[in-house]
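Undergrad: Sharing input29.csv below, CSV, C-alpha atoms:
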```csv
chain,number,residue,atom,x,y,z
A,1,MET,CA,-23.8,11.0,-14.2
A,2,MET,CA,-25.9,8.1,-15.5
A,3,ALA,CA,-23.0,6.9,-17.6
A,4,ILE,CA,-20.7,6.7,-14.6
A,5,LYS,CA,-23.3,4.8,-12.6
A,6,ILE,CA,-23.8,2.2,-15.4
A,7,LEU,CA,-20.0,1.9,-15.6
A,8,THR,CA,-19.9,1.1,-11.9
A,9,TYR,CA,-22.6,-1.5,-12.3
A,10,LEU,CA,-20.6,-3.2,-15.1
A,11,PHE,CA,-17.5,-3.1,-13.0
A,12,VAL,CA,-19.2,-4.7,-10.0
A,13,ALA,CA,-20.7,-7.3,-12.3
A,14,VAL,CA,-17.3,-8.2,-13.8
A,15,ILE,CA,-15.8,-8.5,-10.3
A,16,TRP,CA,-18.7,-10.7,-9.2
A,17,MET,CA,-18.1,-13.0,-12.2
A,18,PHE,CA,-14.4,-13.2,-11.3
A,19,LEU,CA,-15.2,-14.0,-7.7
A,20,GLN,CA,-17.7,-16.7,-8.6
A,21,ASN,CA,-15.4,-18.1,-11.3
A,22,SER,CA,-18.4,-18.7,-13.5
A,23,PHE,CA,-18.6,-16.7,-16.8
A,24,THR,CA,-22.2,-17.2,-17.7
A,25,PRO,CA,-24.9,-14.6,-18.5
A,26,ALA,CA,-26.8,-15.6,-15.4
A,27,SER,CA,-24.0,-14.7,-13.1
A,28,PHE,CA,-23.4,-11.4,-15.0
A,29,VAL,CA,-27.1,-10.4,-14.5
A,30,PHE,CA,-26.9,-11.3,-10.8
A,31,GLY,CA,-23.7,-9.3,-10.4
A,32,PHE,CA,-25.4,-6.3,-12.1
A,33,LEU,CA,-28.3,-6.5,-9.6
A,34,ILE,CA,-25.8,-6.6,-6.7
A,35,GLY,CA,-24.1,-3.5,-8.1
A,36,ILE,CA,-27.4,-1.7,-8.2
A,37,LEU,CA,-28.1,-2.8,-4.6
A,38,ILE,CA,-24.6,-1.7,-3.3
A,39,LEU,CA,-24.9,1.7,-5.0
A,40,PHE,CA,-28.4,2.2,-3.5
A,41,ILE,CA,-27.0,1.4,0.0
A,42,LEU,CA,-24.0,3.7,-0.4
A,43,ARG,CA,-25.8,6.6,-2.2
A,44,ARG,CA,-25.2,8.9,0.7
A,45,PHE,CA,-21.4,8.6,0.5
A,46,LEU,CA,-20.8,8.7,-3.2
A,47,LYS,CA,-20.5,12.2,-4.7
A,48,PHE,CA,-19.3,11.3,-8.3
A,49,ASP,CA,-17.0,14.2,-8.7
A,50,PHE,CA,-15.2,12.5,-11.5
A,51,PRO,CA,-12.6,15.0,-12.9
A,52,ILE,CA,-11.7,13.0,-16.0
A,53,ARG,CA,-13.2,14.9,-19.0
A,54,LYS,CA,-12.0,12.7,-21.8
A,55,LEU,CA,-10.5,9.3,-21.3
A,56,ASN,CA,-6.8,9.4,-22.2
A,57,LEU,CA,-5.8,5.7,-22.1
A,58,TRP,CA,-2.2,6.4,-23.1
A,59,ALA,CA,-1.7,8.8,-20.2
A,60,ILE,CA,-3.3,6.3,-17.7
A,61,PHE,CA,-1.0,3.6,-19.0
A,62,LYS,CA,2.0,5.9,-18.6
A,63,LEU,CA,0.9,6.7,-15.0
A,64,PHE,CA,0.6,3.0,-14.2
A,65,ILE,CA,4.1,2.2,-15.7
A,66,LEU,CA,5.5,5.1,-13.6
A,67,PHE,CA,3.8,3.6,-10.5
A,68,CYS,CA,5.5,0.2,-11.1
A,69,VAL,CA,9.0,1.7,-11.9
A,70,GLU,CA,8.9,3.9,-8.8
A,71,LEU,CA,7.9,1.0,-6.6
A,72,THR,CA,10.9,-1.1,-7.8
A,73,LYS,CA,13.2,1.9,-7.4
A,74,ALA,CA,11.9,2.6,-3.9
A,75,ASN,CA,12.6,-1.0,-2.8
A,76,ILE,CA,16.2,-0.9,-4.1
A,77,ASP,CA,16.6,2.3,-2.2
A,78,MET,CA,15.3,0.6,1.0
A,79,VAL,CA,18.0,-2.1,0.6
A,80,LYS,CA,20.7,0.6,0.8
A,81,VAL,CA,19.2,2.3,3.8
A,82,VAL,CA,18.4,-0.9,5.8
A,83,LEU,CA,21.5,-2.9,5.2
A,84,LYS,CA,24.0,0.0,5.9
A,85,PRO,CA,26.2,-1.1,8.8
A,86,LYS,CA,25.8,2.3,10.5
A,87,LEU,CA,22.4,4.0,10.5
A,88,ASP,CA,23.3,7.6,9.8
A,89,HIS,CA,20.5,8.7,7.6
A,90,GLN,CA,18.8,12.1,8.4
A,91,PRO,CA,15.0,11.9,8.3
A,92,GLY,CA,12.8,15.0,8.2
A,93,ILE,CA,9.3,16.2,7.5
A,94,VAL,CA,8.9,18.5,4.5
A,95,ALA,CA,5.8,20.5,3.5
A,96,VAL,CA,5.1,20.4,-0.3
A,97,ARG,CA,2.6,22.7,-1.9
A,98,THR,CA,0.7,21.3,-4.9
A,99,ARG,CA,-1.1,22.8,-7.9
A,100,LEU,CA,-3.7,20.0,-8.1
A,101,GLU,CA,-7.2,20.8,-7.1
A,102,THR,CA,-9.7,18.0,-6.9
A,103,ARG,CA,-9.7,15.5,-4.1
A,104,LEU,CA,-9.1,12.5,-6.4
A,105,GLU,CA,-6.0,14.1,-7.9
A,106,ILE,CA,-4.5,14.9,-4.5
A,107,SER,CA,-5.1,11.4,-3.1
A,108,LEU,CA,-3.6,9.9,-6.2
A,109,LEU,CA,-0.5,12.2,-5.7
A,110,ALA,CA,-0.3,11.1,-2.0
A,111,ALA,CA,-0.4,7.5,-3.0
A,112,LEU,CA,2.3,8.0,-5.6
A,113,ILE,CA,4.5,9.8,-3.1
A,114,SER,CA,4.2,6.9,-0.7
A,115,LEU,CA,5.8,4.7,-3.3
A,116,THR,CA,8.6,7.0,-4.2
A,117,PRO,CA,12.1,6.2,-3.0
A,118,GLY,CA,12.5,7.3,0.6
A,119,THR,CA,9.3,9.3,1.0
A,120,VAL,CA,5.9,8.6,2.7
A,121,SER,CA,3.1,11.2,2.8
A,122,MET,CA,2.0,11.9,6.3
A,123,ASP,CA,-0.8,14.6,6.5
A,124,PHE,CA,-2.7,17.3,4.7
A,125,SER,CA,-3.2,20.9,5.6
A,126,GLU,CA,-6.7,22.3,6.3
A,127,ASP,CA,-7.3,23.4,2.7
A,128,ASN,CA,-5.9,20.2,1.2
A,129,LYS,CA,-3.3,22.1,-0.8
A,130,THR,CA,-0.2,21.1,1.2
A,131,ILE,CA,1.1,17.6,1.7
A,132,TYR,CA,3.4,16.9,4.5
A,133,ILE,CA,6.0,14.3,3.6
A,134,HIS,CA,8.3,12.2,5.8
A,135,SER,CA,11.5,11.5,4.0
A,136,ILE,CA,14.1,9.1,5.3
A,137,HIS,CA,17.1,11.0,4.0
A,138,VAL,CA,16.6,14.6,3.2
A,139,PRO,CA,20.0,16.5,2.8
A,140,ASP,CA,18.4,18.9,0.2
A,141,LYS,CA,14.7,19.7,0.4
A,142,ASP,CA,14.4,21.8,-2.7
A,143,GLU,CA,15.7,19.0,-4.9
A,144,MET,CA,13.1,16.7,-3.5
A,145,ILE,CA,10.2,19.1,-4.0
A,146,ALA,CA,11.4,19.8,-7.6
A,147,ASP,CA,11.5,16.1,-8.3
A,148,ILE,CA,7.9,15.5,-7.1
A,149,ARG,CA,6.7,18.6,-9.1
A,150,ASN,CA,8.3,17.6,-12.3
A,151,SER,CA,7.5,13.9,-12.5
A,152,PHE,CA,4.3,13.1,-10.6
A,153,GLU,CA,2.3,16.3,-10.8
A,154,LYS,CA,2.9,16.4,-14.5
A,155,ALA,CA,1.8,12.8,-15.1
A,156,ILE,CA,-1.4,13.2,-13.0
A,157,MET,CA,-2.2,16.5,-14.8
A,158,GLU,CA,-1.9,14.7,-18.2
A,159,VAL,CA,-4.6,12.2,-17.1
A,160,THR,CA,-7.1,14.6,-15.6
A,161,LYS,CA,-6.8,17.6,-17.8
B,1,MET,CA,15.3,-29.1,-6.3
B,2,PHE,CA,12.2,-27.0,-6.7
B,3,THR,CA,10.8,-28.5,-3.4
B,4,TYR,CA,13.9,-27.5,-1.5
B,5,ILE,CA,13.7,-23.9,-2.8
B,6,VAL,CA,10.0,-23.7,-1.7
B,7,TYR,CA,10.9,-25.1,1.8
B,8,THR,CA,13.8,-22.6,2.1
B,9,VAL,CA,11.4,-19.8,1.2
B,10,LEU,CA,8.9,-20.9,3.8
B,11,VAL,CA,11.6,-21.0,6.5
B,12,VAL,CA,12.9,-17.5,5.7
B,13,ILE,CA,9.3,-16.1,5.6
B,14,MET,CA,8.7,-17.7,9.0
B,15,ILE,CA,11.8,-16.0,10.5
B,16,SER,CA,10.4,-12.7,9.1
B,17,LEU,CA,7.1,-13.4,10.8
B,18,ILE,CA,8.8,-14.0,14.1
B,19,LEU,CA,10.8,-10.8,13.8
B,20,PHE,CA,7.5,-8.9,13.2
B,21,LEU,CA,6.1,-10.6,16.3
B,22,VAL,CA,9.2,-9.4,18.3
B,23,ARG,CA,8.5,-5.9,17.2
B,24,ILE,CA,4.8,-6.3,18.2
B,25,PHE,CA,5.9,-7.4,21.7
B,26,ILE,CA,8.7,-4.9,22.4
B,27,GLY,CA,7.2,-1.9,20.5
B,28,PRO,CA,7.6,1.1,22.7
B,29,THR,CA,4.5,2.8,21.5
B,30,ILE,CA,1.1,1.6,20.4
B,31,SER,CA,1.8,2.8,16.8
B,32,ASP,CA,4.7,0.3,16.6
B,33,ARG,CA,2.4,-2.5,17.5
B,34,ILE,CA,-0.2,-1.6,14.9
B,35,MET,CA,2.5,-1.3,12.2
B,36,GLY,CA,3.8,-4.7,13.2
B,37,LEU,CA,0.4,-6.2,12.9
B,38,ASP,CA,-0.1,-4.6,9.4
B,39,ALA,CA,3.2,-6.0,8.1
B,40,PHE,CA,2.4,-9.4,9.8
B,41,GLY,CA,-0.9,-9.6,7.9
B,42,VAL,CA,0.6,-8.7,4.5
B,43,THR,CA,3.4,-11.2,5.0
B,44,LEU,CA,1.0,-13.9,6.1
B,45,VAL,CA,-0.8,-13.5,2.7
B,46,GLY,CA,2.4,-14.3,0.9
B,47,PHE,CA,3.1,-17.2,3.2
B,48,ILE,CA,-0.3,-18.8,2.3
B,49,GLY,CA,0.6,-18.3,-1.4
B,50,VAL,CA,3.8,-20.3,-1.0
B,51,VAL,CA,1.8,-23.0,0.9
B,52,MET,CA,-0.5,-23.1,-2.2
B,53,ILE,CA,2.5,-23.9,-4.4
B,54,LEU,CA,3.8,-26.5,-2.1
B,55,GLN,CA,0.5,-28.4,-1.8
B,56,ASP,CA,-0.4,-27.9,-5.5
B,57,THR,CA,-3.9,-26.7,-4.8
B,58,ILE,CA,-5.8,-23.5,-5.3
B,59,ALA,CA,-8.3,-24.1,-2.5
B,60,TYR,CA,-6.7,-21.3,-0.4
B,61,SER,CA,-7.3,-18.5,-2.9
B,62,ASP,CA,-10.4,-17.3,-1.0
B,63,VAL,CA,-8.3,-17.2,2.2
B,64,VAL,CA,-5.7,-15.0,0.4
B,65,LEU,CA,-8.4,-12.5,-0.8
B,66,VAL,CA,-10.2,-12.2,2.5
B,67,LEU,CA,-7.0,-12.0,4.6
B,68,SER,CA,-5.6,-9.1,2.5
B,69,ILE,CA,-8.9,-7.2,2.9
B,70,LEU,CA,-9.2,-7.9,6.7
B,71,SER,CA,-5.6,-6.8,7.3
B,72,PHE,CA,-6.2,-3.5,5.7
B,73,VAL,CA,-9.5,-2.8,7.3
B,74,GLY,CA,-8.1,-3.7,10.7
B,75,THR,CA,-5.2,-1.3,10.3
B,76,ILE,CA,-7.5,1.5,9.3
B,77,ALA,CA,-9.9,0.9,12.2
B,78,MET,CA,-7.1,0.8,14.8
B,79,THR,CA,-5.4,3.9,13.5
B,80,LYS,CA,-8.7,5.8,13.5
B,81,PHE,CA,-9.3,4.6,17.0
B,82,ILE,CA,-6.1,5.8,18.5
B,83,GLU,CA,-6.3,9.1,16.5
B,84,ARG,CA,-9.6,10.4,17.8
B,85,GLY,CA,-10.9,7.7,20.1
B,86,ALA,CA,-13.8,7.0,17.7
B,87,VAL,CA,-13.9,4.7,14.8
B,88,PHE,CA,-16.6,6.5,12.8
B,89,ASP,CA,-16.7,10.2,12.0
B,90,ASP,CA,-19.9,12.0,12.8
B,91,ASP,CA,-20.4,14.0,9.6
C,1,MET,CA,13.6,-28.3,-13.4
C,2,THR,CA,11.2,-27.1,-16.0
C,3,THR,CA,11.0,-23.5,-17.3
C,4,ILE,CA,7.9,-22.7,-15.3
C,5,GLU,CA,9.6,-23.8,-12.1
C,6,ILE,CA,12.6,-21.6,-12.8
C,7,ILE,CA,10.5,-18.6,-13.3
C,8,THR,CA,8.5,-19.4,-10.2
C,9,SER,CA,11.7,-19.8,-8.2
C,10,PHE,CA,13.0,-16.5,-9.3
C,11,PHE,CA,9.9,-14.6,-8.2
C,12,LEU,CA,9.8,-16.6,-4.9
C,13,LEU,CA,13.4,-15.7,-4.1
C,14,VAL,CA,12.9,-12.0,-4.9
C,15,GLY,CA,9.8,-11.9,-2.8
C,16,THR,CA,11.4,-13.7,0.1
C,17,PHE,CA,14.4,-11.3,0.0
C,18,PHE,CA,12.2,-8.2,0.3
C,19,VAL,CA,10.0,-9.7,3.0
C,20,PHE,CA,13.1,-10.5,5.0
C,21,LEU,CA,14.6,-7.1,4.4
C,22,SER,CA,11.4,-5.5,5.6
C,23,ALA,CA,11.6,-7.6,8.8
C,24,ILE,CA,15.2,-6.5,9.4
C,25,GLY,CA,14.2,-2.9,8.8
C,26,VAL,CA,11.3,-3.1,11.3
C,27,ILE,CA,13.7,-4.4,13.9
C,28,ARG,CA,16.7,-2.1,13.2
C,29,LEU,CA,15.3,1.4,12.4
C,30,LYS,CA,14.9,3.7,15.3
C,31,ASP,CA,11.5,5.4,15.2
C,32,VAL,CA,7.9,4.7,14.0
C,33,TYR,CA,8.1,6.9,10.9
C,34,SER,CA,11.2,5.2,9.5
C,35,ARG,CA,9.8,1.8,10.3
C,36,VAL,CA,6.7,2.6,8.3
C,37,HIS,CA,9.0,3.1,5.3
C,38,SER,CA,10.2,-0.4,5.7
C,39,ALA,CA,6.9,-2.1,6.6
C,40,GLY,CA,4.9,-0.3,4.0
C,41,LYS,CA,7.1,-0.6,0.9
C,42,SER,CA,9.3,-3.7,1.1
C,43,SER,CA,6.7,-5.9,2.7
C,44,THR,CA,4.1,-5.0,0.0
C,45,PHE,CA,6.6,-5.5,-2.8
C,46,GLY,CA,7.6,-8.9,-1.4
C,47,MET,CA,4.0,-10.0,-1.1
C,48,ILE,CA,3.2,-8.9,-4.7
C,49,SER,CA,6.2,-10.9,-5.9
C,50,LEU,CA,5.2,-14.0,-4.0
C,51,MET,CA,1.6,-13.8,-5.4
C,52,ILE,CA,2.9,-13.4,-9.0
C,53,ALA,CA,4.9,-16.6,-8.4
C,54,THR,CA,1.8,-18.4,-7.2
C,55,PHE,CA,-0.2,-17.1,-10.2
C,56,ILE,CA,2.5,-18.2,-12.7
C,57,TYR,CA,2.9,-21.6,-11.2
C,58,PHE,CA,-0.7,-22.6,-11.8
C,59,ILE,CA,-0.9,-21.4,-15.5
C,60,PRO,CA,0.4,-24.6,-17.1
C,61,GLU,CA,-2.2,-26.6,-15.3
C,62,GLY,CA,-4.8,-24.5,-17.2
C,63,ILE,CA,-6.0,-22.6,-14.1
C,64,ILE,CA,-6.2,-18.8,-14.4
C,65,ASN,CA,-6.9,-17.8,-10.9
C,66,VAL,CA,-8.3,-14.3,-11.0
C,67,LYS,CA,-8.7,-14.1,-7.2
C,68,ILE,CA,-5.0,-13.9,-6.7
C,69,LEU,CA,-4.8,-11.0,-9.2
C,70,LEU,CA,-7.6,-9.3,-7.3
C,71,ALA,CA,-5.6,-9.7,-4.1
C,72,ILE,CA,-2.5,-8.2,-5.7
C,73,LEU,CA,-4.5,-5.2,-7.0
C,74,PHE,CA,-6.1,-4.7,-3.6
C,75,VAL,CA,-2.8,-4.7,-1.7
C,76,PHE,CA,-1.3,-2.4,-4.4
C,77,MET,CA,-4.0,0.1,-3.9
C,78,THR,CA,-4.3,0.1,-0.1
C,79,ALA,CA,-0.7,-0.1,1.0
C,80,PRO,CA,0.0,3.7,0.6
C,81,LEU,CA,-3.2,4.5,2.4
C,82,GLY,CA,-2.3,2.3,5.4
C,83,ALA,CA,1.1,3.9,5.6
C,84,LEU,CA,-0.4,7.4,5.6
C,85,MET,CA,-2.9,6.6,8.3
C,86,LEU,CA,-0.2,5.0,10.5
C,87,ASN,CA,2.0,8.0,10.2
C,88,ARG,CA,-0.7,10.5,10.8
C,89,SER,CA,-2.1,8.8,13.9
C,90,ALA,CA,1.4,8.4,15.3
C,91,TYR,CA,2.1,12.1,14.9
C,92,ARG,CA,-1.2,13.1,16.4
C,93,ASN,CA,-0.5,10.8,19.4
C,94,GLY,CA,2.8,12.6,20.0
C,95,VAL,CA,5.1,9.8,19.2
C,96,PRO,CA,8.6,11.4,19.3
C,97,LEU,CA,10.8,11.7,16.2
C,98,GLU,CA,14.2,10.1,16.0
C,99,LYS,CA,17.0,12.3,17.5
C,100,ASN,CA,18.9,13.0,14.2
C,101,THR,CA,15.9,14.4,12.5
C,102,ILE,CA,16.8,17.6,10.8
C,103,ARG,CA,13.5,19.2,9.8
C,104,ASP,CA,9.9,19.2,11.1
C,105,ASP,CA,7.5,21.3,9.1
C,106,LEU,CA,4.4,19.7,10.7
C,107,GLN,CA,5.1,21.5,14.0
C,108,GLU,CA,3.3,24.6,12.8
C,109,LYS,CA,0.1,22.8,12.1
C,110,TYR,CA,-0.2,21.3,15.6
C,111,LYS,CA,1.4,24.0,17.7
C,112,ASP,CA,-1.9,25.1,19.2
C,113,GLU,CA,-3.0,21.6,20.2
C,114,LYS,CA,-1.1,20.0,23.1
C,115,LEU,CA,0.2,16.7,22.0
C,116,GLU,CA,0.6,14.3,24.8
C,117,SER,CA,2.9,11.3,24.5
C,118,THR,CA,1.5,7.8,24.8
C,119,GLU,CA,4.6,6.4,26.5
```
Re-express the file's structure as structure tokens.
TA:
Amino acid sequence: MMAIKILTYLFVAVIWMFLQNSFTPASFVFGFLIGILILFILRRFLKFDFPIRKLNLWAIFKLFILFCVELTKANIDMVKVVLKPKLDHQPGIVAVRTRLETRLEISLLAALISLTPGTVSMDFSEDNKTIYIHSIHVPDKDEMIADIRNSFEKAIMEVTK
Amino acid sequence: MFTYIVYTVLVVIMISLILFLVRIFIGPTISDRIMGLDAFGVTLVGFIGVVMILQDTIAYSDVVLVLSILSFVGTIAMTKFIERGAVFDDD
Amino acid sequence: MTTIEIITSFFLLVGTFFVFLSAIGVIRLKDVYSRVHSAGKSSTFGMISLMIATFIYFIPEGIINVKILLAILFVFMTAPLGALMLNRSAYRNGVPLEKNTIRDDLQEKYKDEKLESTE
């Protein structure tokens, strides 16, 4: 727990130096103190359920690249939908059941789904295990579910497990 | 040549901002209006970036940062408000 | 035109195209849920592209402006969250779906609560 707290202080200190645009030891120390103050004020809301056991930098890098590639593909897909002369796409809401467990993993998956071509996550079920997805063109729902399971869930599991 | 490109970009972004405003005015439901405001805020951040290139100054970089944060916080507050009628949860 | 101006122009034109596309989508599409697709994705992508252009333009003058990078990171992280909140609040308010919608799995979750329309 202590290591994560110190990492958060360091993170706040670096952000503070960037915002001040002055890279001196004095501003680093000041940012560190501000990090301690912020974490003290927010101590009720922070639970620190950090699921990452060992830091796998290569998997995190792969997840980030996947994010960027999917965002670009999603926008090219939007071009096709919006600029079609006749709007005949068939939207629908699909429930997808995930195998992920912690809240960080599920919110990461929801964010990834929002950047996939043609899908935006809408809501969660009571036990946080089912994500409801609004898709702009859903002729075949099984294909979409299999796509999400094979690419995103696997990439997130590689980071956290 | 470069200045003409920047001016063209500014004009097209301005037309997009006007289209978002049209959606805010005619939006049949309140969700349409909130969505229009969200997109308007994000596009305004890009507009200020282009103005920074045109005037060759970085004085507006604080404006960019604060505007992007305020746009997001405003969207979240308004959606929470129309969802439950209260901005803060009780738990 | 110098090299840096050509690179900047490329990113500016790409960003402007996607921002304009997002505006057209917001006007043309028929219900809130489809419009959020357009507003949430294309608008964010266009803004990120314009900001990258601004960042690149100031590099030869020796200015590395980290605040612009922070703004890009922030919008990149928060755009999916904003889209999710918009969709969820719209559904809970009973905003009707478009008429050629073919599936609605969310009906089961809210079938006990009565959703009243805001229109």
Undergrad: For segment 37-48 of chain B, please output as a VMD selection string all residues within 9 Å (counting all atoms listed in the file; exclusion window: fewer than 4 positions along the same chain).
TA: (chain B and resid 9 to 10 13 to 14 16 to 18 20 to 21 24 32 to 33 52 to 53 60 to 61 63 to 65 67 to 68 70 to 72 74 to 75) or (chain C and resid 15 19 22 to 23 39 to 40 43 to 44 46 to 51 75 82)
Undergrad: Convert the current residue selection to file output with C-alpha atoms, as a CSV table (one decimal), keeping the file's coordinate frame.
TA:
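Result went into part_31.csv, see below:
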```
chain,number,residue,atom,x,y,z
B,9,VAL,CA,11.4,-19.8,1.2
B,10,LEU,CA,8.9,-20.9,3.8
B,13,ILE,CA,9.3,-16.1,5.6
B,14,MET,CA,8.7,-17.7,9.0
B,16,SER,CA,10.4,-12.7,9.1
B,17,LEU,CA,7.1,-13.4,10.8
B,18,ILE,CA,8.8,-14.0,14.1
B,20,PHE,CA,7.5,-8.9,13.2
B,21,LEU,CA,6.1,-10.6,16.3
B,24,ILE,CA,4.8,-6.3,18.2
B,32,ASP,CA,4.7,0.3,16.6
B,33,ARG,CA,2.4,-2.5,17.5
B,52,MET,CA,-0.5,-23.1,-2.2
B,53,ILE,CA,2.5,-23.9,-4.4
B,60,TYR,CA,-6.7,-21.3,-0.4
B,61,SER,CA,-7.3,-18.5,-2.9
B,63,VAL,CA,-8.3,-17.2,2.2
B,64,VAL,CA,-5.7,-15.0,0.4
B,65,LEU,CA,-8.4,-12.5,-0.8
B,67,LEU,CA,-7.0,-12.0,4.6
B,68,SER,CA,-5.6,-9.1,2.5
B,70,LEU,CA,-9.2,-7.9,6.7
B,71,SER,CA,-5.6,-6.8,7.3
B,72,PHE,CA,-6.2,-3.5,5.7
B,74,GLY,CA,-8.1,-3.7,10.7
B,75,THR,CA,-5.2,-1.3,10.3
C,15,GLY,CA,9.8,-11.9,-2.8
C,19,VAL,CA,10.0,-9.7,3.0
C,22,SER,CA,11.4,-5.5,5.6
C,23,ALA,CA,11.6,-7.6,8.8
C,39,ALA,CA,6.9,-2.1,6.6
C,40,GLY,CA,4.9,-0.3,4.0
C,43,SER,CA,6.7,-5.9,2.7
C,44,THR,CA,4.1,-5.0,0.0
C,46,GLY,CA,7.6,-8.9,-1.4
C,47,MET,CA,4.0,-10.0,-1.1
C,48,ILE,CA,3.2,-8.9,-4.7
C,49,SER,CA,6.2,-10.9,-5.9
C,50,LEU,CA,5.2,-14.0,-4.0
C,51,MET,CA,1.6,-13.8,-5.4
C,75,VAL,CA,-2.8,-4.7,-1.7
C,82,GLY,CA,-2.3,2.3,5.4
```
Undergrad: Pick out the chain C residues within 6 Å of chain A. Count all atoms listed in the file. Give them as a ChimeraX atom specification.
TA: /C:25,42,80,84,87-88,100-105
Undergrad: Could you tell me how far atom CA of Phe18 of chain C sits from atom CA of Asn65 of chain C, in Å to one decimal place?
TA: 24.1 Å
Undergrad: Hey, which bits of segment 7-54 of chain B sit within 12 Å of segment 2-10 of chain C, and for each residue what's the closest pair of atoms and how far apart in Å (one decimal), counting all atoms listed in the file, rows by chain and increasing number, as CSV?
TA:
```
residue,atom,partner,partner_atom,distance
B:Tyr7,CA,C:Ser9,CA,11.3
B:Thr8,CA,C:Ser9,CA,10.9
B:Val9,CA,C:Ser9,CA,9.4
B:Gly49,CA,C:Thr8,CA,11.9
B:Val50,CA,C:Thr8,CA,10.4
B:Ile53,CA,C:Thr8,CA,9.5
B:Leu54,CA,C:Thr8,CA,11.8
```
Undergrad: What's the separation between atom CA of Gln107 of chain C and atom CA of Ile156 of chain A, in Å to one decimal place?
TA: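 Interatomic distance, atom CA of Gln107 of chain C to atom CA of Ile156 of chain A: 29.0 Å.
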Undergrad: Write out as a ChimeraX atom specification the residues lying within 12 Å of Pro96 of chain C, counting only C-alpha atoms and excluding same-chain residues fewer than 2 positions away.
TA: /B:28-29,31 /C:30-34,87,90-94,98-101,104,107,115-119
Undergrad: Report, in Å with one decimal, the straight-line distance from atom CA of Lys154 of chain A to atom CA of Asp142 of chain A.
TA: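 These two atoms are separated by 17.3 Å.
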Undergrad: Please list as a list in words every residue within 12 Å of Glu101 of chain A, counting all atoms listed in the file and excluding residues in the same chain fewer than 5 positions away.
TA: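 Counting all atoms listed in the file, the residues come to Asp49, Pro51, Ile106, Ser107, Leu108, Leu109, Asp127, Asn128, Lys129, Thr130, Glu153, Ile156, Met157, Thr160 and Lys161 of chain A.
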Undergrad: My list of candidates is C:Val66, C:Glu61, C:Phe20, C:Ile52. Which is closest to chain B when distances are computed with all atoms listed in the file?
TA: C:Phe20
